[in-house]
$ cat final01.cif   # mmCIF, C-alpha atoms
data_my_file
loop_
_atom_site.label_atom_id
_atom_site.label_comp_id
_atom_site.auth_asym_id
_atom_site.auth_seq_id
_atom_site.Cartn_x
_atom_site.Cartn_y
_atom_site.Cartn_z
CA MET A 1 31.11 33.34 8.60
CA ASP A 2 28.45 30.88 9.69
CA VAL A 3 25.85 31.17 6.93
CA ARG A 4 23.23 29.67 9.24
CA ASN A 5 23.30 32.93 11.15
CA VAL A 6 22.55 35.05 8.08
CA SER A 7 20.01 32.87 6.26
CA ARG A 8 16.34 33.68 6.71
CA ASN A 9 14.76 32.32 9.86
CA THR A 10 12.30 30.22 7.90
CA ILE A 11 15.16 28.60 5.95
CA ARG A 12 17.37 28.00 8.98
CA VAL A 13 14.92 25.58 10.56
CA LEU A 14 13.66 24.03 7.31
CA PRO A 15 14.58 20.38 6.67
CA LYS A 16 15.23 19.06 3.16
CA THR A 17 12.34 17.15 1.64
CA VAL A 18 12.57 13.37 1.18
CA HIS A 19 11.49 11.61 -2.01
CA GLY A 20 11.46 8.09 -3.40
CA GLY A 21 13.09 6.90 -6.61
CA GLN A 22 16.60 6.58 -5.14
CA ALA A 23 17.36 2.95 -6.05
CA TRP A 24 19.48 4.05 -9.03
CA LYS A 25 22.24 4.75 -6.50
CA LEU A 26 22.31 1.09 -5.49
CA LYS A 27 23.44 -2.00 -7.35
CA ASP A 28 20.98 -4.69 -8.43
CA ILE A 29 17.94 -3.08 -6.80
CA GLU A 30 14.60 -2.86 -8.61
CA ASP A 31 12.90 0.38 -7.65
CA TYR A 32 9.30 0.04 -6.47
CA SER A 33 9.56 3.25 -4.45
CA HIS A 34 8.77 5.49 -7.42
CA ASN A 35 5.64 5.52 -9.59
CA LEU A 36 6.74 5.81 -13.21
CA ASN A 37 5.46 4.35 -16.48
CA PRO A 38 6.59 0.69 -16.21
CA PHE A 39 7.43 0.61 -19.92
CA GLY A 40 10.32 2.94 -19.12
CA ALA A 41 11.40 5.86 -21.30
CA PRO A 42 10.35 5.28 -24.94
CA ASP A 43 12.99 3.99 -27.36
CA PHE A 44 12.30 6.86 -29.77
CA LEU A 45 13.26 9.44 -27.13
CA LYS A 46 16.90 9.38 -28.25
CA ASP A 47 15.93 10.40 -31.78
CA ILE A 48 13.95 13.37 -30.46
CA VAL A 49 16.85 14.47 -28.27
CA ASP A 50 19.38 14.05 -31.08
CA GLU A 51 17.26 16.22 -33.37
CA ALA A 52 16.80 18.85 -30.66
CA VAL A 53 20.54 19.14 -29.95
CA SER A 54 20.93 21.29 -33.07
CA GLN A 55 18.96 24.02 -31.26
CA VAL A 56 21.24 24.43 -28.24
CA TRP A 57 23.47 27.04 -29.90
CA HIS A 58 20.89 29.75 -29.16
CA TYR A 59 18.79 30.68 -26.16
CA PRO A 60 15.61 28.65 -25.83
CA ASP A 61 12.24 30.23 -26.56
CA ASP A 62 11.44 31.85 -23.24
CA SER A 63 7.71 31.44 -23.93
CA SER A 64 8.04 27.68 -24.69
CA LEU A 65 5.33 28.23 -27.30
CA GLY A 66 5.68 24.92 -29.14
CA PHE A 67 5.49 22.93 -25.91
CA ARG A 68 2.64 25.00 -24.53
CA THR A 69 0.69 24.59 -27.77
CA ALA A 70 1.08 20.81 -27.55
CA VAL A 71 -0.14 20.79 -23.93
CA ALA A 72 -3.08 23.01 -24.86
CA GLY A 73 -4.08 20.65 -27.66
CA GLU A 74 -4.01 17.62 -25.38
CA PHE A 75 -6.15 19.22 -22.67
CA GLY A 76 -8.55 21.28 -24.79
CA VAL A 77 -7.42 24.75 -23.76
CA SER A 78 -5.55 27.65 -25.37
CA PRO A 79 -1.73 28.05 -25.24
CA GLU A 80 -2.39 31.23 -23.22
CA ASN A 81 -3.80 28.95 -20.50
CA VAL A 82 -0.49 27.08 -20.15
CA ILE A 83 2.70 27.95 -18.30
CA ALA A 84 5.82 25.81 -18.73
CA GLY A 85 7.88 24.53 -15.82
CA ALA A 86 11.01 22.53 -15.17
CA GLY A 87 8.87 19.64 -13.97
CA SER A 88 5.69 20.11 -11.97
CA SER A 89 7.95 20.92 -9.01
CA ASP A 90 8.69 24.23 -10.75
CA ILE A 91 4.98 25.01 -10.92
CA ILE A 92 4.66 24.05 -7.24
CA ARG A 93 7.42 26.57 -6.47
CA MET A 94 5.91 29.36 -8.59
CA PHE A 95 2.44 29.20 -7.07
CA PRO A 96 3.14 30.41 -3.49
CA ASN A 97 5.85 32.76 -4.74
CA THR A 98 3.22 34.42 -6.92
CA PHE A 99 0.19 34.50 -4.63
CA MET A 100 1.27 34.09 -1.00
CA GLU A 101 2.46 36.68 1.50
CA PRO A 102 4.23 35.73 4.76
CA GLY A 103 1.53 34.88 7.28
CA ASP A 104 -1.05 33.78 4.70
CA ARG A 105 -2.77 30.47 5.43
CA VAL A 106 -3.28 27.48 3.13
CA VAL A 107 -5.00 24.13 3.61
CA MET A 108 -3.39 20.83 2.65
CA PHE A 109 -4.22 17.19 3.13
CA THR A 110 -1.97 14.81 5.00
CA PRO A 111 -0.31 12.64 3.96
CA SER A 112 0.42 14.30 0.64
CA PHE A 113 3.33 15.45 -1.52
CA ALA A 114 6.01 17.07 0.63
CA GLU A 115 6.95 19.85 -1.81
CA TYR A 116 3.68 21.70 -1.18
CA THR A 117 4.66 22.15 2.45
CA GLN A 118 8.28 22.93 1.61
CA GLN A 119 7.58 25.68 -0.88
CA CYS A 120 4.91 27.28 1.30
CA ARG A 121 7.20 27.29 4.32
CA ILE A 122 9.94 28.94 2.27
CA CYS A 123 7.41 31.73 1.60
CA GLY A 124 6.51 32.00 5.29
CA VAL A 125 3.01 30.59 4.80
CA ASP A 126 0.99 29.06 7.63
CA ILE A 127 -0.34 25.57 6.86
CA ARG A 128 -3.48 23.90 8.17
CA TYR A 129 -3.59 20.14 7.59
CA VAL A 130 -6.71 18.05 7.01
CA PRO A 131 -6.05 14.34 7.60
CA LEU A 132 -6.89 11.68 5.04
CA ARG A 133 -8.12 8.97 7.35
CA LYS A 134 -7.55 5.24 7.02
CA GLU A 135 -11.13 4.52 8.09
CA ASN A 136 -12.30 6.62 5.12
CA ASP A 137 -9.94 4.77 2.76
CA TYR A 138 -7.77 7.91 2.64
CA ARG A 139 -10.37 9.82 0.64
CA ILE A 140 -11.34 13.49 1.04
CA ASP A 141 -14.04 14.03 3.64
CA ARG A 142 -16.08 16.99 2.38
CA GLY A 143 -17.46 17.89 5.78
CA GLU A 144 -14.04 17.94 7.42
CA LEU A 145 -12.61 19.93 4.53
CA SER A 146 -15.40 22.51 4.61
CA SER A 147 -14.79 23.06 8.32
CA ALA A 148 -11.13 23.83 7.56
CA LEU A 149 -11.93 26.36 4.81
CA THR A 150 -12.32 29.37 7.05
CA ASP A 151 -12.29 33.01 5.92
CA ASP A 152 -8.54 33.38 6.51
CA VAL A 153 -7.58 30.62 4.03
CA LYS A 154 -5.85 31.81 0.85
CA ALA A 155 -5.49 28.49 -1.02
CA LEU A 156 -6.24 24.78 -0.96
CA TYR A 157 -3.86 22.10 -2.29
CA ILE A 158 -5.24 18.87 -3.77
CA CYS A 159 -3.17 16.03 -5.24
CA ASN A 160 -5.16 13.72 -7.54
CA PRO A 161 -4.15 10.88 -7.48
CA ASN A 162 -2.94 11.67 -4.01
CA ASN A 163 0.70 10.93 -3.34
CA PRO A 164 1.37 8.69 -1.38
CA THR A 165 -2.09 7.15 -0.80
CA GLY A 166 -2.92 6.67 -4.49
CA ARG A 167 -6.60 7.49 -4.16
CA VAL A 168 -8.26 9.22 -7.13
CA GLU A 169 -11.18 11.54 -6.53
CA PRO A 170 -13.79 11.88 -9.32
CA ARG A 171 -14.01 15.04 -11.38
CA GLU A 172 -17.44 15.97 -10.01
CA LYS A 173 -16.13 15.93 -6.45
CA ILE A 174 -13.06 18.01 -7.28
CA LEU A 175 -15.07 20.60 -9.21
CA SER A 176 -17.58 20.90 -6.40
CA ILE A 177 -14.67 21.67 -4.05
CA VAL A 178 -13.34 24.22 -6.54
CA GLU A 179 -16.77 25.88 -6.64
CA GLU A 180 -17.01 25.98 -2.85
CA CYS A 181 -13.55 27.55 -2.67
CA GLU A 182 -14.39 30.06 -5.39
CA SER A 183 -17.40 31.24 -3.40
CA ARG A 184 -15.02 31.91 -0.50
CA ASP A 185 -12.27 33.55 -2.62
CA ILE A 186 -9.92 30.58 -2.01
CA MET A 187 -7.53 29.47 -4.76
CA VAL A 188 -7.18 25.76 -5.60
CA PHE A 189 -3.86 24.22 -6.61
CA LEU A 190 -4.76 20.87 -8.19
CA ASP A 191 -1.79 18.57 -8.85
CA GLU A 192 -2.61 16.01 -11.56
CA THR A 193 0.99 14.99 -12.17
CA LEU A 194 0.19 11.29 -11.68
CA LEU A 195 -3.19 11.27 -13.38
CA GLU A 196 -2.26 10.43 -16.97
CA LEU A 197 -1.21 6.91 -15.97
CA VAL A 198 -4.69 6.28 -14.54
CA ASP A 199 -6.86 4.49 -17.09
CA GLY A 200 -9.61 6.85 -18.27
CA TYR A 201 -7.85 9.98 -17.01
CA LYS A 202 -9.54 12.21 -19.60
CA GLY A 203 -12.79 11.65 -17.75
CA ILE A 204 -11.15 12.75 -14.49
CA THR A 205 -8.86 15.67 -15.31
CA CYS A 206 -10.19 19.14 -14.52
CA ALA A 207 -7.74 20.93 -16.82
CA LYS A 208 -10.27 21.86 -19.47
CA TYR A 209 -12.43 23.61 -16.87
CA VAL A 210 -9.89 26.24 -15.85
CA ASN A 211 -11.64 29.00 -17.81
CA ASP A 212 -14.88 28.27 -15.99
CA HIS A 213 -13.31 29.26 -12.67
CA THR A 214 -11.35 32.23 -11.36
CA ASN A 215 -9.41 30.22 -8.77
CA LEU A 216 -8.17 26.95 -10.33
CA ILE A 217 -4.69 25.99 -11.46
CA VAL A 218 -3.86 22.43 -12.57
CA ALA A 219 -0.27 21.15 -12.52
CA GLY A 220 1.04 18.35 -14.71
CA SER A 221 4.27 16.75 -15.84
CA LEU A 222 5.81 14.32 -18.31
CA THR A 223 8.00 12.80 -15.57
CA LYS A 224 5.72 9.90 -14.59
CA SER A 225 3.78 9.35 -17.79
CA PHE A 226 6.86 8.92 -20.00
CA ALA A 227 9.25 7.71 -17.26
CA ILE A 228 11.71 10.57 -17.83
CA PRO A 229 12.44 12.07 -14.38
CA GLY A 230 15.90 13.02 -15.61
CA ILE A 231 14.38 15.43 -18.16
CA ARG A 232 12.52 18.17 -16.30
CA ILE A 233 9.33 19.03 -18.20
CA GLY A 234 6.14 20.18 -16.50
CA PHE A 235 3.27 22.61 -16.96
CA GLY A 236 0.50 24.50 -15.26
CA ILE A 237 -2.94 25.09 -16.78
CA SER A 238 -5.15 27.93 -15.58
CA ASN A 239 -7.10 30.97 -16.69
CA ARG A 240 -5.18 33.75 -18.40
CA ASP A 241 -5.10 36.03 -15.34
CA ILE A 242 -3.43 33.41 -13.12
CA VAL A 243 -0.96 32.38 -15.83
CA ASP A 244 0.02 36.01 -16.48
CA GLU A 245 0.77 36.57 -12.80
CA MET A 246 2.79 33.36 -12.48
CA ASN A 247 4.84 34.28 -15.55
CA LYS A 248 6.17 37.24 -13.55
CA VAL A 249 7.72 34.75 -11.10
CA ARG A 250 8.77 32.10 -13.62
CA MET A 251 12.53 31.93 -14.08
CA THR A 252 13.57 33.23 -17.51
CA TRP A 253 14.52 30.38 -19.88
CA ASN A 254 13.36 27.84 -17.29
CA ILE A 255 12.82 25.18 -19.97
CA GLY A 256 15.78 24.39 -22.23
CA ALA A 257 15.54 23.90 -25.99
CA ILE A 258 15.95 20.13 -25.73
CA GLU A 259 13.28 19.81 -23.04
CA GLN A 260 10.86 22.00 -24.99
CA ARG A 261 11.23 19.88 -28.12
CA VAL A 262 10.99 16.59 -26.22
CA GLY A 263 7.82 17.76 -24.48
CA GLU A 264 6.25 19.06 -27.67
CA VAL A 265 6.84 15.85 -29.64
CA LEU A 266 5.90 13.45 -26.84
CA ILE A 267 2.60 15.18 -26.08
CA SER A 268 1.56 15.94 -29.64
CA GLU A 269 2.58 12.60 -31.21
CA HIS A 270 3.01 9.88 -28.59
CA MET A 271 0.29 9.99 -25.93
CA ASP A 272 -0.72 6.50 -27.06
CA TYR A 273 2.43 5.33 -25.27
CA VAL A 274 0.92 6.60 -22.03
CA HIS A 275 -2.59 5.33 -22.75
CA ASP A 276 -1.28 1.80 -23.46
CA ALA A 277 0.64 1.82 -20.19
CA SER A 278 -2.40 2.97 -18.20
CA LYS A 279 -4.43 -0.01 -19.43
CA VAL A 280 -1.67 -2.45 -18.51
CA LEU A 281 -1.32 -0.84 -15.08
CA ARG A 282 -5.08 -1.04 -14.40
CA SER A 283 -5.17 -4.76 -15.17
CA GLU A 284 -1.98 -5.49 -13.26
CA ALA A 285 -3.06 -3.43 -10.23
CA ASP A 286 -6.22 -5.54 -9.94
CA ARG A 287 -4.26 -8.77 -10.30
CA MET A 288 -1.74 -7.64 -7.68
CA PHE A 289 -4.55 -6.79 -5.27
CA GLY A 290 -5.91 -10.33 -5.44
CA ILE A 291 -2.50 -11.80 -4.66
CA LEU A 292 -1.89 -9.35 -1.82
CA LYS A 293 -5.24 -10.28 -0.26
CA ASP A 294 -4.50 -14.00 -0.60
CA MET A 295 -1.25 -13.53 1.31
CA ASP A 296 -3.07 -11.49 4.01
CA PHE A 297 -1.10 -8.33 3.22
CA PRO A 298 -2.93 -5.25 4.61
CA VAL A 299 -4.64 -3.77 1.54
CA ASN A 300 -8.19 -2.44 1.88
CA ALA A 301 -9.16 -2.15 -1.77
CA PRO A 302 -7.57 -2.17 -5.22
CA CYS A 303 -5.53 0.96 -5.85
CA ASP A 304 -7.25 3.57 -7.98
CA GLY A 305 -4.18 4.01 -10.15
CA PHE A 306 -0.82 2.30 -10.14
CA PHE A 307 0.65 2.36 -6.63
CA TYR A 308 -0.33 1.03 -3.21
CA PHE A 309 -0.16 2.72 0.19
CA CYS A 310 -0.33 0.25 3.07
CA ASP A 311 -0.35 0.46 6.86
CA LEU A 312 1.71 -2.49 8.11
CA SER A 313 0.56 -2.36 11.72
CA PRO A 314 -2.00 -5.18 11.29
CA ILE A 315 0.87 -7.57 10.50
CA GLY A 316 3.16 -6.25 13.23
CA LEU A 317 5.77 -4.56 11.03
CA ASP A 318 7.05 -1.02 10.65
CA ALA A 319 8.15 0.58 7.41
CA LYS A 320 11.85 0.57 8.21
CA THR A 321 11.87 -3.18 8.83
CA LEU A 322 10.02 -4.03 5.63
CA VAL A 323 12.18 -1.68 3.56
CA SER A 324 15.31 -3.38 4.89
CA ARG A 325 14.00 -6.88 4.25
CA MET A 326 12.89 -6.02 0.73
CA LYS A 327 16.20 -4.36 -0.07
CA ASP A 328 17.96 -7.56 0.96
CA ARG A 329 15.84 -9.31 -1.67
CA GLY A 330 16.61 -6.80 -4.42
CA PHE A 331 13.64 -4.42 -4.21
CA MET A 332 13.14 -0.91 -2.86
CA VAL A 333 9.80 0.22 -1.45
CA ARG A 334 9.03 3.68 -0.11
CA ASP A 335 9.27 4.20 3.63
CA CYS A 336 6.48 6.72 4.28
CA SER A 337 7.79 7.82 7.68
CA SER A 338 8.89 11.08 6.07
CA PHE A 339 5.21 12.07 5.71
CA GLY A 340 4.96 12.31 9.50
CA PRO A 341 5.45 10.25 12.67
CA GLU A 342 1.98 8.77 12.34
CA TYR A 343 3.08 7.03 9.14
CA THR A 344 6.08 5.09 10.48
CA GLY A 345 4.14 1.90 9.79
CA CYS A 346 3.24 2.82 6.20
CA VAL A 347 4.88 1.97 2.89
CA ARG A 348 4.19 2.78 -0.74
CA PHE A 349 5.02 0.57 -3.70
CA CYS A 350 4.18 0.80 -7.37
CA VAL A 351 2.74 -1.55 -9.97
CA LYS A 352 4.84 -2.64 -12.94
CA ASP A 353 4.47 -5.52 -15.42
CA LYS A 354 3.42 -9.09 -14.59
CA GLU A 355 6.88 -10.64 -14.72
CA MET A 356 8.47 -8.04 -12.45
CA ASP A 357 5.47 -7.90 -10.13
CA ASP A 358 5.56 -11.67 -9.62
CA ARG A 359 9.17 -11.38 -8.47
CA PHE A 360 8.26 -8.44 -6.24
CA LEU A 361 5.33 -10.29 -4.66
CA SER A 362 7.48 -13.34 -4.04
CA ALA A 363 10.02 -11.18 -2.20
CA LEU A 364 7.24 -9.47 -0.28
CA ARG A 365 5.80 -12.81 0.81
CA GLU A 366 9.20 -13.83 2.17
CA SER A 367 9.65 -10.46 3.90
CA VAL A 368 6.45 -10.51 5.93
CA VAL A 369 6.77 -14.05 7.28
#
$ encode --input "final01.cif" --output "structure tokens"
Amino acid sequence: MDVRNVSRNTIRVLPKTVHGGQAWKLKDIEDYSHNLNPFGAPDFLKDIVDEAVSQVWHYPDDSSLGFRTAVAGEFGVSPENVIAGAGSSDIIRMFPNTFMEPGDRVVMFTPSFAEYTQQCRICGVDIRYVPLRKENDYRIDRGELSSALTDDVKALYICNPNNPTGRVEPREKILSIVEECESRDIMVFLDETLLELVDGYKGITCAKYVNDHTNLIVAGSLTKSFAIPGIRIGFGISNRDIVDEMNKVRMTWNIGAIEQRVGEVLISEHMDYVHDASKVLRSEADRMFGILKDMDFPVNAPCDGFFYFCDLSPIGLDAKTLVSRMKDRGFMVRDCSSFGPEYTGCVRFCVKDKEMDDRFLSALRESVV
């Protein structure tokens, strides 16, 4: 039997999504294609895992109460406002499966995180894209967005910081969009997975405002902030009605006992690890910008967070060429062609510590000559 003939039509034509962070498969390659805490996973993580292993003999708490309570404490909400996920990707999967019917329409920005499109297409959802334009420094244009929010739109997706462009929109702007959408009965999926590594993120996050709105859900994760992509721990924060509906779709026991304990301890006891990293990244991002400008690399402004998105066309290169040259010099950068054909000249690379960044910049200088 050819399974392609019996799978759903939407699945049959659906390509697999492409992501960065693949340098671990290669030897002697430093990965600048991901955007993780440059300090790496904390040394004390092993002790937390070792302690949690004693709990694997029974089923995990399906409610993930300890983890959810820790998340609630960090973001100033109630545990009832939190839903646990196997990474934020799990929350991204739950959202359309809970609220979207085949034929519903959502609005997304482009370029942005590919899993939004993937999970909506799996649910048979129609997608309207609003471009983030280079001439606007890849920031949200309110007028263009408002024009796209027609009466047939069910939800809007926002990634803040946006992946891959790295731009961070201020809280006031995001909340004004949420309010506009609420007046039109449009839900807002706000992905803040990358936000905790942005210095001053507590003044940007909208998580504590979920009870002020009927339409807002905020997604987060420990993946980037603690550099633990191999341990899948994420969460969604919303009002009780939205969380209750999503819990009907959430896979039973979706977060294992070890992951629950790791998440609970890291968030409740070790957020200083993340805050320290965000300050280092802010300083290093500014320093890197100055060097990039001095070498005439095409950067418009310092990144808002901890990764750069650059269009190489002004220096006559495409992404594939630069990726190849950098790999030859021991570094991987993200080829952003997967975000669409209009981005074949764009790359993304992260910020790390001074010593590693100096090596990266030296290789980059050699690669663009």
$ closest_residue --input "final01.cif" --among "A:Glu80, A:Leu65, A:Leu292, A:Glu284" --to "Glu355 in chain A" --atoms "all atoms listed in the file"
A:Glu284
$ resolve_selection --input "final01.cif" --expression "the PyMOL selection byres ((chain A and resi 250) around 12)" --output "number ranges by chain"
A: 62-64, 83-86, 90-98, 235-236, 243-249, 251-255
$ axis_aligned_box --input "final01.cif" --around "range 241-251 of chain A" --padding-each-side "4 Å" --output "lines of an AutoDock Vina configuration file"
center_x = 3.7
center_y = 34.6
center_z = -13.8
size_x = 25.6
size_y = 13.3
size_z = 13.4
$ resolve_selection --input "final01.cif" --expression "the PyMOL selection byres ((chain A and resi 105-120) around 7)" --output "ChimeraX atom specification"
/A:17,92-93,96,103-104,121-132,152-158,162-164,339
$ atom_distance --input "final01.cif" --atom1 "CA of Leu194 in chain A" --atom2 "CA of Gly305 in chain A"
8.6 Å
$ residues_around --input "final01.cif" --residues "range 199-211 of chain A" --least-positions-apart "3" --cutoff "9 Å" --atoms "only C-alpha atoms" --output "PyMOL selection string"
chain A and resi 75-77+81+160+168-172+174-175+190+192+195-196+214-219+237-240+275-282+305
$ residues_around --input "final01.cif" --residues "Tyr273 in chain A" --least-positions-apart "6" --cutoff "12 Å" --atoms "only C-alpha atoms" --output "list in words"
Asn37, Pro38, Phe39, Gly40, Ala41, Pro42, Asp43, Phe44, Leu45, Glu196, Leu197, Leu222, Ser225, Phe226, Ala227, Leu266, Ile267, Lys279 and Val280 of chain A
$ closest_residue --input "final01.cif" --among "A:Met332, A:Leu322, A:Val56, A:Leu36" --to "Thr193 in chain A" --atoms "only C-alpha atoms"
A:Leu36
$ residues_around --input "final01.cif" --residues "Ser337 in chain A" --least-positions-apart "5" --cutoff "8 Å" --atoms "only C-alpha atoms" --output "MDAnalysis selection string"
chainID A and resid 319 342:346
$ write_last_selection --input "final01.cif" --atoms "C-alpha atoms" --output "PDB file, keeping the file's coordinate frame"
ATOM      1  CA  ALA A 319       8.150   0.580   7.410  1.00  0.00           C
ATOM      2  CA  GLU A 342       1.980   8.770  12.340  1.00  0.00           C
ATOM      3  CA  TYR A 343       3.080   7.030   9.140  1.00  0.00           C
ATOM      4  CA  THR A 344       6.080   5.090  10.480  1.00  0.00           C
ATOM      5  CA  GLY A 345       4.140   1.900   9.790  1.00  0.00           C
ATOM      6  CA  CYS A 346       3.240   2.820   6.200  1.00  0.00           C
TER       7      CYS A 346
END
$ closest_residue --input "final01.cif" --among "A:Lys134, A:Val53, A:Gly143, A:Ile186" --to "Met100 in chain A" --atoms "all atoms listed in the file"
A:Ile186
$ resolve_selection --input "final01.cif" --expression "the PyMOL selection byres ((chain A and resi 29) around 6)" --output "list of chain:residue names"
A:Lys27, A:Asp28, A:Glu30, A:Gly330, A:Phe331
$ atom_distance --input "final01.cif" --atom1 "CA of Ala70 in chain A" --atom2 "CA of Val82 in chain A"
9.8 Å
$ residues_around --input "final01.cif" --residues "range 32-35 of chain A" --least-positions-apart "4" --cutoff "10 Å" --atoms "all atoms listed in the file" --output "PyMOL selection string"
chain A and resi 19-23+163-164+194+197+223-225+227+305-308+323+331-336+347-352+357+360
$ closest_residue --input "final01.cif" --among "A:Phe189, A:Asp137, A:Ala363, A:Gln55" --to "Asp311 in chain A" --atoms "only C-alpha atoms"
A:Asp137
$ closest_residue --input "final01.cif" --among "A:Asp353, A:Asp31, A:Glu74, A:Asp286" --to "Val265 in chain A" --atoms "only C-alpha atoms"
A:Glu74
$ atom_distance --input "final01.cif" --atom1 "CA of Leu312 in chain A" --atom2 "CA of Pro298 in chain A"
6.4 Å
$ closest_residue --input "final01.cif" --among "A:Glu135, A:Asp318, A:Glu182, A:Asp191" --to "Asn300 in chain A" --atoms "only C-alpha atoms"
A:Glu135
$ residues_around --input "final01.cif" --residues "Leu364 in chain A" --least-positions-apart "4" --cutoff "9 Å" --atoms "all atoms listed in the file" --output "number ranges by chain"
A: 322, 325-326, 329, 359-360, 368-369
